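A.B. asks: Dropping a structure here in structure tokens format, bear with me for questions.
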Amino acid sequence: MRLLVVALLLVACGATAPERVAVEVGGVVLHLELALDPESRYRGLSGRDLVPRDGGLLFVYPAPRVIGAVMRDCAIPLDVAFLDPTGRVVALHAMGPEPPRRPDESAADYEARLPPYWSGRPAQFALETASGRLFELGLRVGDRVGLDAPALVGRAR
């Protein structure tokens, strides 16, 4: 009976923490959750009410392309840096929260009203942190972020 209870608790709790990667930004190491597949990239940091000072999310795409980010179901402001395949910053944005989806608003109407923040040039990564963090670290377009791009891209779906 005890084994059954333990097994059910492990299943109910998910028993796995989000996978993280250490990334160097402006001489500081950030421990970022990974978004390697379409579902986790769509979800992003939605539903969070806090992003740790040394944390955030790294979106990894299988191939470079012009990409965008939206503040879907995200009540806290965020910074986003779009990175090319070598980890060089091609665009930076401070993103503010958007009003939540209204009860009478369709999912399509909600998505259509979210303003996109674009990379402008082909990017393979998007790095999201707490509001002001990337700017505090002095990150600018043209800077390089320290990450193992080939290993990460090899895992993206």
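Please note that chains go A, B, ... in the order of the structure tokens, that every chain numbers its residues from 1, and that ligands are numbered from 1 in the order shown.
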Counting only C-alpha atoms, what is within 8 Å of region 135-137 of chain A, bar same-chain residues fewer than 6 positions away, as a PyMOL selection string?
C.D. replies: chain A and resi 25-26+28
A.B. asks: Per DSSP on the backbone, what are the strand (DSSP E) residues of chain A, as a short mmCIF file (atom, residue, chain, number, x, y, z; two decimals) with C-alpha atoms, in the first residue's frame?
C.D. replies:
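Result file follows (result23.cif):
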```cif
data_model
loop_
_atom_site.label_atom_id
_atom_site.label_comp_id
_atom_site.auth_asym_id
_atom_site.auth_seq_id
_atom_site.Cartn_x
_atom_site.Cartn_y
_atom_site.Cartn_z
CA ARG A 20 18.06 24.43 -16.89
CA VAL A 21 21.18 25.63 -18.64
CA ALA A 22 23.88 28.03 -17.43
CA VAL A 23 24.32 31.00 -19.77
CA GLU A 24 26.81 33.86 -19.39
CA VAL A 25 25.40 37.35 -19.92
CA VAL A 28 27.11 36.99 -14.90
CA VAL A 29 25.87 33.39 -15.07
CA LEU A 30 22.10 33.00 -15.41
CA HIS A 31 20.39 29.65 -14.84
CA LEU A 32 17.70 29.50 -17.49
CA GLU A 33 14.89 27.04 -18.02
CA LEU A 34 14.87 25.56 -21.52
CA ALA A 35 12.06 25.75 -24.06
CA LEU A 57 13.90 31.12 -19.97
CA LEU A 58 15.90 30.29 -23.08
CA PHE A 59 13.83 29.51 -26.17
CA VAL A 60 15.74 27.31 -28.62
CA TYR A 61 14.57 26.94 -32.24
CA PRO A 62 15.72 24.21 -34.66
CA ALA A 63 16.69 26.75 -37.35
CA PRO A 64 17.22 30.51 -37.50
CA ARG A 65 14.29 32.67 -38.60
CA GLY A 68 8.60 37.14 -32.19
CA ALA A 69 7.53 37.06 -28.58
CA LEU A 78 10.05 40.86 -18.92
CA ASP A 79 13.14 41.59 -21.00
CA VAL A 80 13.81 39.60 -24.16
CA ALA A 81 17.01 39.31 -26.20
CA PHE A 82 16.94 37.60 -29.58
CA LEU A 83 20.18 35.81 -30.47
CA VAL A 89 22.25 39.70 -29.82
CA VAL A 90 20.22 40.89 -32.83
CA ALA A 91 17.42 42.66 -30.88
CA LEU A 92 16.48 43.60 -27.31
CA HIS A 93 13.08 44.58 -25.95
CA ALA A 94 11.48 45.48 -22.62
CA MET A 95 8.04 43.84 -22.66
CA TYR A 117 8.17 41.93 -30.14
CA TRP A 118 10.23 40.92 -33.20
CA ALA A 123 17.43 34.46 -34.66
CA GLN A 124 17.72 30.98 -33.20
CA PHE A 125 17.34 31.81 -29.52
CA ALA A 126 15.24 34.11 -27.37
CA LEU A 127 16.36 34.80 -23.82
CA GLU A 128 13.75 36.11 -21.37
CA THR A 129 14.55 37.49 -17.92
CA ALA A 130 12.92 39.61 -15.25
#
```
A.B. asks: Take CA of Cys74 (chain A) and CA of Gly56 (chain A) and report the distance between them in Å, one decimal.
C.D. replies: 13.2 Å
A.B. asks: Which residue, A:Pro38, A:Pro103, A:Pro85, A:Pro77, has the smallest gap to Gly146 (chain A) when you use only C-alpha atoms?
C.D. replies: A:Pro85
A.B. asks: Quick check for you: according to DSSP on this backbone, which residues of chain A are classed as helix (DSSP H, G or I)? Reply as a VMD selection string.
C.D. replies: chain A and resid 2 to 13 38 to 43 107 to 113 133 to 136 149 to 153
A.B. asks: As an exercise, work out the distance from CA of Pro115 (chain A) to CA of Gly47 (chain A) in Å and give it to one decimal place.
C.D. replies: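 For CA of Pro115 (chain A) relative to CA of Gly47 (chain A), the distance reads 17.7 Å.
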